[in-house]
$ cat start22.pdb   # PDB, C-alpha atoms
ATOM      1  CA  MET A 381       4.193 116.455 424.241
ATOM      2  CA  VAL A 382       3.646 115.553 427.907
ATOM      3  CA  TRP A 383       0.098 116.005 429.204
ATOM      4  CA  ASN A 384      -1.205 115.388 432.721
ATOM      5  CA  CYS A 385      -4.775 114.769 431.591
ATOM      6  CA  ARG A 386      -6.204 113.889 435.056
ATOM      7  CA  GLY A 387      -8.461 111.222 433.590
ATOM      8  CA  ALA A 388      -8.779 109.691 430.131
ATOM      9  CA  ALA A 389     -11.926 107.592 430.507
ATOM     10  CA  SER A 390     -14.382 110.325 429.475
ATOM     11  CA  LYS A 391     -15.831 110.707 425.979
ATOM     12  CA  SER A 392     -14.265 114.154 425.732
ATOM     13  CA  PHE A 393     -10.708 112.817 426.061
ATOM     14  CA  TYR A 394     -10.368 112.015 422.349
ATOM     15  CA  ARG A 395     -11.735 115.432 421.377
ATOM     16  CA  TYR A 396      -9.232 117.268 423.574
ATOM     17  CA  CYS A 397      -6.396 114.987 422.516
ATOM     18  CA  LYS A 398      -7.124 115.537 418.819
ATOM     19  CA  HIS A 399      -7.306 119.294 419.426
ATOM     20  CA  TYR A 400      -3.794 119.294 420.905
ATOM     21  CA  MET A 401      -2.432 117.059 418.160
ATOM     22  CA  ASP A 402      -3.883 119.376 415.499
ATOM     23  CA  MET A 403      -2.213 122.328 417.256
ATOM     24  CA  TYR A 404       1.223 120.845 417.896
ATOM     25  CA  HIS A 405       1.532 117.914 415.442
ATOM     26  CA  SER A 406       3.367 115.863 418.052
ATOM     27  CA  SER A 407       4.901 112.595 416.917
ATOM     28  CA  MET A 408       5.348 111.455 420.521
ATOM     29  CA  LEU A 409       2.755 111.838 423.265
ATOM     30  CA  VAL A 410       3.027 111.118 426.992
ATOM     31  CA  ILE A 411      -0.192 110.916 428.991
ATOM     32  CA  LEU A 412      -0.075 111.035 432.794
ATOM     33  CA  GLU A 413      -2.789 110.166 435.333
ATOM     34  CA  THR A 414      -5.180 108.341 433.003
ATOM     35  CA  ARG A 415      -7.261 107.027 435.948
ATOM     36  CA  CYS A 416      -8.143 104.027 433.805
ATOM     37  CA  ASP A 417      -6.525 100.933 432.330
ATOM     38  CA  PRO A 418      -4.122 102.188 429.600
ATOM     39  CA  LYS A 419      -5.181  99.320 427.338
ATOM     40  CA  LEU A 420      -8.643 100.903 427.081
ATOM     41  CA  LEU A 421      -7.070 103.850 425.226
ATOM     42  CA  ASP A 422      -5.613 101.848 422.325
ATOM     43  CA  LYS A 423      -8.390 102.732 419.861
ATOM     44  CA  THR A 424      -8.210 106.412 420.773
ATOM     45  CA  PHE A 425      -4.512 106.603 419.970
ATOM     46  CA  GLU A 426      -4.894 104.530 416.810
ATOM     47  CA  LYS A 427      -7.311 107.202 415.537
ATOM     48  CA  LEU A 428      -4.553 109.753 416.131
ATOM     49  CA  ASP A 429      -2.099 107.659 414.043
ATOM     50  CA  PHE A 430       0.094 106.493 416.923
ATOM     51  CA  ASP A 431       1.221 102.939 416.224
ATOM     52  CA  LYS A 432       3.617 102.194 419.114
ATOM     53  CA  ASN A 433       3.212 102.457 422.866
ATOM     54  CA  MET A 434       4.345 101.404 426.307
ATOM     55  CA  PHE A 435       2.880 102.176 429.687
ATOM     56  CA  VAL A 436       2.965 101.965 433.470
ATOM     57  CA  GLU A 437      -0.260 100.555 434.882
ATOM     58  CA  ASN A 438      -2.481 102.761 437.011
ATOM     59  CA  ARG A 439      -2.467 102.351 440.800
ATOM     60  CA  GLY A 440      -6.167 102.022 441.499
ATOM     61  CA  TYR A 441      -7.720 105.383 440.640
ATOM     62  CA  SER A 442      -4.377 107.173 440.377
ATOM     63  CA  GLY A 443      -1.093 106.824 438.567
ATOM     64  CA  SER A 444      -0.395 105.521 435.057
ATOM     65  CA  ILE A 445       2.026 106.747 432.417
ATOM     66  CA  VAL A 446       1.302 106.086 428.748
ATOM     67  CA  VAL A 447       3.868 106.802 426.022
ATOM     68  CA  GLU A 448       2.611 106.799 422.428
ATOM     69  CA  TRP A 449       4.713 107.466 419.350
ATOM     70  CA  LYS A 450       4.790 107.180 415.579
ATOM     71  CA  SER A 451       7.362 104.623 414.501
ATOM     72  CA  SER A 452       8.046 106.503 411.268
ATOM     73  CA  TYR A 453       9.611 109.291 413.376
ATOM     74  CA  PHE A 454      11.257 107.524 416.320
ATOM     75  CA  GLU A 455      12.905 104.345 417.470
ATOM     76  CA  ILE A 456      12.284 104.031 421.213
ATOM     77  CA  ASN A 457      13.603 101.389 423.596
ATOM     78  CA  LEU A 458      12.758 100.869 427.237
ATOM     79  CA  CYS A 459      15.716 101.142 429.625
ATOM     80  CA  LYS A 460      13.970 101.025 433.000
ATOM     81  CA  LYS A 461      10.390 100.869 434.231
ATOM     82  CA  ASP A 462       8.985 101.761 437.639
ATOM     83  CA  ASP A 463       5.518 102.652 438.881
ATOM     84  CA  GLN A 464       6.638 106.322 438.970
ATOM     85  CA  PHE A 465       8.548 106.597 435.684
ATOM     86  CA  LEU A 466       9.505 105.188 432.296
ATOM     87  CA  HIS A 467      13.149 105.672 431.290
ATOM     88  CA  LEU A 468      13.592 105.503 427.516
ATOM     89  CA  HIS A 469      16.284 105.706 424.852
ATOM     90  CA  ILE A 470      15.035 107.720 421.868
ATOM     91  CA  LYS A 471      16.552 107.904 418.389
ATOM     92  CA  ASP A 472      14.995 110.004 415.634
ATOM     93  CA  ASN A 473      15.281 109.799 411.859
ATOM     94  CA  ASP A 474      18.277 112.149 411.880
ATOM     95  CA  LYS A 475      20.111 109.651 414.118
ATOM     96  CA  GLN A 476      20.023 112.092 417.014
ATOM     97  CA  ASP A 477      19.540 110.184 420.220
ATOM     98  CA  PHE A 478      18.966 110.995 423.875
ATOM     99  CA  PHE A 479      17.474 109.550 427.028
ATOM    100  CA  PHE A 480      14.022 110.617 428.185
ATOM    101  CA  THR A 481      12.336 109.899 431.514
ATOM    102  CA  ALA A 482       8.579 110.410 431.827
ATOM    103  CA  VAL A 483       7.686 110.961 435.497
ATOM    104  CA  TYR A 484       4.479 110.778 437.481
ATOM    105  CA  ALA A 485       5.652 111.110 441.095
ATOM    106  CA  SER A 486       3.718 109.804 444.057
ATOM    107  CA  PRO A 487       2.347 112.452 446.460
ATOM    108  CA  HIS A 488       3.813 110.439 449.353
ATOM    109  CA  GLU A 489       7.254 111.546 450.519
ATOM    110  CA  ASN A 490       8.655 108.058 451.115
ATOM    111  CA  LYS A 491       7.884 107.063 447.530
ATOM    112  CA  LYS A 492       9.155 110.358 446.132
ATOM    113  CA  LYS A 493      12.412 109.819 447.975
ATOM    114  CA  LEU A 494      12.741 106.411 446.321
ATOM    115  CA  LEU A 495      11.976 107.952 442.918
ATOM    116  CA  TRP A 496      14.784 110.491 443.262
ATOM    117  CA  GLU A 497      17.216 107.841 444.450
ATOM    118  CA  MET A 498      16.554 105.935 441.218
ATOM    119  CA  LEU A 499      16.841 109.097 439.103
ATOM    120  CA  ASN A 500      20.111 109.918 440.827
ATOM    121  CA  ASP A 501      21.379 106.435 439.967
ATOM    122  CA  ILE A 502      20.454 107.052 436.311
ATOM    123  CA  SER A 503      22.297 110.390 436.328
ATOM    124  CA  ILE A 504      25.461 108.735 437.635
ATOM    125  CA  ARG A 505      25.379 105.864 435.169
ATOM    126  CA  LYS A 506      24.346 107.800 432.058
ATOM    127  CA  GLN A 507      26.649 110.578 430.901
ATOM    128  CA  HIS A 508      24.467 111.212 427.859
ATOM    129  CA  LEU A 509      21.829 113.699 426.774
ATOM    130  CA  TRP A 510      18.956 113.423 429.244
ATOM    131  CA  LEU A 511      15.503 114.998 429.441
ATOM    132  CA  VAL A 512      13.094 114.406 432.359
ATOM    133  CA  ALA A 513       9.502 115.665 432.245
ATOM    134  CA  GLY A 514       6.188 115.131 433.967
ATOM    135  CA  ASP A 515       4.324 115.698 437.212
ATOM    136  CA  PHE A 516       6.757 115.781 440.145
ATOM    137  CA  ASN A 517       4.107 116.474 442.808
ATOM    138  CA  ASP A 518       6.430 119.128 444.235
ATOM    139  CA  ILE A 519       7.200 122.812 443.869
ATOM    140  CA  ALA A 520      10.623 124.475 443.750
ATOM    141  CA  LYS A 521       9.773 127.997 444.996
ATOM    142  CA  SER A 522       7.151 129.354 447.382
ATOM    143  CA  PHE A 523       5.600 131.524 444.635
ATOM    144  CA  GLU A 524       4.749 128.341 442.715
ATOM    145  CA  LYS A 525       1.793 127.894 445.070
ATOM    146  CA  ARG A 526      -1.285 130.031 445.622
ATOM    147  CA  GLY A 527      -4.057 129.443 448.138
ATOM    148  CA  GLY A 528      -4.290 127.213 451.213
ATOM    149  CA  LEU A 529      -1.460 126.986 453.709
ATOM    150  CA  GLN A 530       1.812 128.737 453.000
ATOM    151  CA  ALA A 531       4.256 126.692 450.941
ATOM    152  CA  SER A 532       6.809 124.741 452.966
ATOM    153  CA  ASN A 533      10.333 126.109 452.531
ATOM    154  CA  ASN A 534      11.737 122.707 453.516
ATOM    155  CA  ARG A 535       9.689 121.009 450.803
ATOM    156  CA  CYS A 536      10.905 123.491 448.181
ATOM    157  CA  THR A 537      14.547 123.183 449.285
ATOM    158  CA  THR A 538      14.392 119.381 449.249
ATOM    159  CA  PHE A 539      12.988 119.395 445.714
ATOM    160  CA  ARG A 540      15.650 121.806 444.431
ATOM    161  CA  ASN A 541      18.403 119.743 446.065
ATOM    162  CA  ARG A 542      17.096 116.582 444.431
ATOM    163  CA  ILE A 543      17.128 118.234 441.021
ATOM    164  CA  GLN A 544      20.677 119.497 441.536
ATOM    165  CA  SER A 545      21.918 116.127 442.790
ATOM    166  CA  CYS A 546      20.894 114.631 439.434
ATOM    167  CA  LEU A 547      22.783 117.405 437.583
ATOM    168  CA  LEU A 548      19.503 118.631 436.104
ATOM    169  CA  GLU A 549      18.158 122.139 435.583
ATOM    170  CA  ASP A 550      14.650 123.443 435.021
ATOM    171  CA  ILE A 551      13.936 124.240 431.372
ATOM    172  CA  GLU A 552      12.442 127.691 431.004
ATOM    173  CA  SER A 553       8.702 127.568 430.381
ATOM    174  CA  ARG A 554       6.087 129.943 429.022
ATOM    175  CA  GLY A 555       2.396 130.121 429.804
ATOM    176  CA  PRO A 556       0.374 129.934 433.026
ATOM    177  CA  ASN A 557       2.160 130.273 436.359
ATOM    178  CA  PHE A 558       0.393 127.171 437.713
ATOM    179  CA  THR A 559      -0.079 123.763 436.093
ATOM    180  CA  TRP A 560      -2.416 122.189 438.675
ATOM    181  CA  ARG A 561      -5.480 123.336 440.557
ATOM    182  CA  GLY A 562      -7.222 121.588 443.403
ATOM    183  CA  PRO A 563     -10.947 121.321 444.085
ATOM    184  CA  ILE A 564     -12.953 124.263 445.377
ATOM    185  CA  PHE A 565     -12.845 124.418 449.175
ATOM    186  CA  HIS A 566     -13.697 126.949 451.920
ATOM    187  CA  GLU A 567     -15.397 130.110 450.580
ATOM    188  CA  GLY A 568     -14.896 129.067 446.982
ATOM    189  CA  GLN A 569     -11.095 129.148 447.060
ATOM    190  CA  ARG A 570      -8.711 126.772 445.290
ATOM    191  CA  ILE A 571      -5.091 125.750 445.683
ATOM    192  CA  TYR A 572      -2.908 126.290 442.619
ATOM    193  CA  GLU A 573       0.584 124.809 442.207
ATOM    194  CA  ASN A 574       3.238 124.457 439.533
ATOM    195  CA  MET A 575       3.910 120.717 439.801
ATOM    196  CA  ASP A 576       4.562 119.867 436.138
ATOM    197  CA  ARG A 577       7.881 120.747 434.506
ATOM    198  CA  ALA A 578      10.721 119.611 432.278
ATOM    199  CA  LEU A 579      14.318 119.196 433.429
ATOM    200  CA  SER A 580      17.474 118.420 431.471
ATOM    201  CA  ASN A 581      21.216 118.059 431.858
ATOM    202  CA  ASP A 582      23.773 120.346 430.188
ATOM    203  CA  SER A 583      24.385 118.012 427.255
ATOM    204  CA  TRP A 584      20.708 117.924 426.296
ATOM    205  CA  ARG A 585      20.377 121.724 426.497
ATOM    206  CA  TRP A 586      23.451 122.244 424.309
ATOM    207  CA  ARG A 587      22.077 119.895 421.654
ATOM    208  CA  PHE A 588      18.506 121.278 421.747
ATOM    209  CA  SER A 589      19.251 124.938 422.423
ATOM    210  CA  ASN A 590      15.846 126.166 421.200
ATOM    211  CA  ALA A 591      13.903 124.180 423.808
TER     212      ALA A 591
END
$ encode --input "start22.pdb" --output "structure tokens"
Amino acid sequence: MVWNCRGAASKSFYRYCKHYMDMYHSSMLVILETRCDPKLLDKTFEKLDFDKNMFVENRGYSGSIVVEWKSSYFEINLCKKDDQFLHLHIKDNDKQDFFFTAVYASPHENKKKLLWEMLNDISIRKQHLWLVAGDFNDIAKSFEKRGGLQASNNRCTTFRNRIQSCLLEDIESRGPNFTWRGPIFHEGQRIYENMDRALSNDSWRWRFSNA
């Protein structure tokens, strides 16, 4: 389970987290945008029976990626760490293994460009099963935005090209059309965008065809 929680310092975070765990029984949890020191969340995750973790520190009030898992289900090793992603090798109890990259992309184009250069390097070097999921701070189609200024076609095209250059494809999703909403602005309107998604290469999709 990958959750962009937009802040984990509140007292309600544990309640929401437990609610999701009770619903989905996830043995691996990725939390994005904690807006607090990940080490402060250790007790919360211990209550939820997660006994292993790794993380990317927050950048001031933004950023942070926390990966929690139950060691009785997975063996996970870190392959590469950056302030925008964690690239992991995952092996489950059935000896199935694949690579997983948890992403929390910067909203700044120069940093996003660097992120995709590193992901492209991973795609070239690793001809294995690969899943990438998180908040990419980008949209792929104009209809993935509602409110505010019209979506930039150049921005959408650039994002799609970056996905294709890594030999990745969007995994079909169900649920709300938008995964992020901005604050209320002029005349009570909001901006909605679909910035969170999961991507995979062909090998991963063939192995996990029900995803």
$ closest_residue --input "start22.pdb" --among "A:Met408, A:Gln530, A:Val436, A:Ile456" --to "Lys471 of chain A" --atoms "all atoms listed in the file"
A:Ile456
$ residues_around --input "start22.pdb" --residues "segment 488-497 of chain A" --least-positions-apart "4" --cutoff "8 Å" --atoms "all atoms listed in the file" --output "compact mmCIF listing (two decimals) with C-alpha atoms, keeping the file's coordinate frame"
# COMPACT_ATOMS: atom_id res chain seq x y z
CA GLN A 464 6.64 106.32 438.97
CA ASP A 501 21.38 106.44 439.97
CA ARG A 542 17.10 116.58 444.43
$ closest_residue --input "start22.pdb" --among "A:Asp462, A:Asp515, A:Asp431, A:Glu549" --to "Trp449 of chain A" --atoms "only C-alpha atoms"
A:Asp431
$ residues_around --input "start22.pdb" --residues "segment 561-566 of chain A" --least-positions-apart "4" --cutoff "10 Å" --atoms "only C-alpha atoms" --output "PDB file with C-alpha atoms, in the frame of the given file"
ATOM      1  CA  LYS A 525       1.793 127.894 445.070  1.00  0.00           C
ATOM      2  CA  ARG A 526      -1.285 130.031 445.622  1.00  0.00           C
ATOM      3  CA  GLY A 527      -4.057 129.443 448.138  1.00  0.00           C
ATOM      4  CA  GLY A 528      -4.290 127.213 451.213  1.00  0.00           C
ATOM      5  CA  ARG A 570      -8.711 126.772 445.290  1.00  0.00           C
ATOM      6  CA  ILE A 571      -5.091 125.750 445.683  1.00  0.00           C
ATOM      7  CA  TYR A 572      -2.908 126.290 442.619  1.00  0.00           C
ATOM      8  CA  GLU A 573       0.584 124.809 442.207  1.00  0.00           C
ATOM      9  CA  ASN A 574       3.238 124.457 439.533  1.00  0.00           C
ATOM     10  CA  MET A 575       3.910 120.717 439.801  1.00  0.00           C
TER      11      MET A 575
END
$ atom_distance --input "start22.pdb" --atom1 "atom CA of Phe478 of chain A" --atom2 "atom CA of Leu509 of chain A"
4.9 Å
$ axis_aligned_box --input "start22.pdb" --around "segment 515-522 of chain A" --padding-each-side "8 Å" --output "lines of an AutoDock Vina configuration file"
center_x = 7.4
center_y = 122.5
center_z = 442.3
size_x = 22.5
size_y = 29.7
size_z = 26.2
$ closest_residue --input "start22.pdb" --among "A:Arg585, A:Asn533, A:Ser580, A:Gly443" --to "Asn517 of chain A" --atoms "all atoms listed in the file"
A:Gly443
$ residues_around --input "start22.pdb" --residues "Glu448 of chain A" --least-positions-apart "4" --cutoff "6 Å" --atoms "all atoms listed in the file" --output "compact mmCIF listing (two decimals) with C-alpha atoms, in the frame of the given file"
# COMPACT_ATOMS: atom_id res chain seq x y z
CA MET A 408 5.35 111.46 420.52
CA LEU A 409 2.76 111.84 423.26
CA LYS A 432 3.62 102.19 419.11
CA ASN A 433 3.21 102.46 422.87
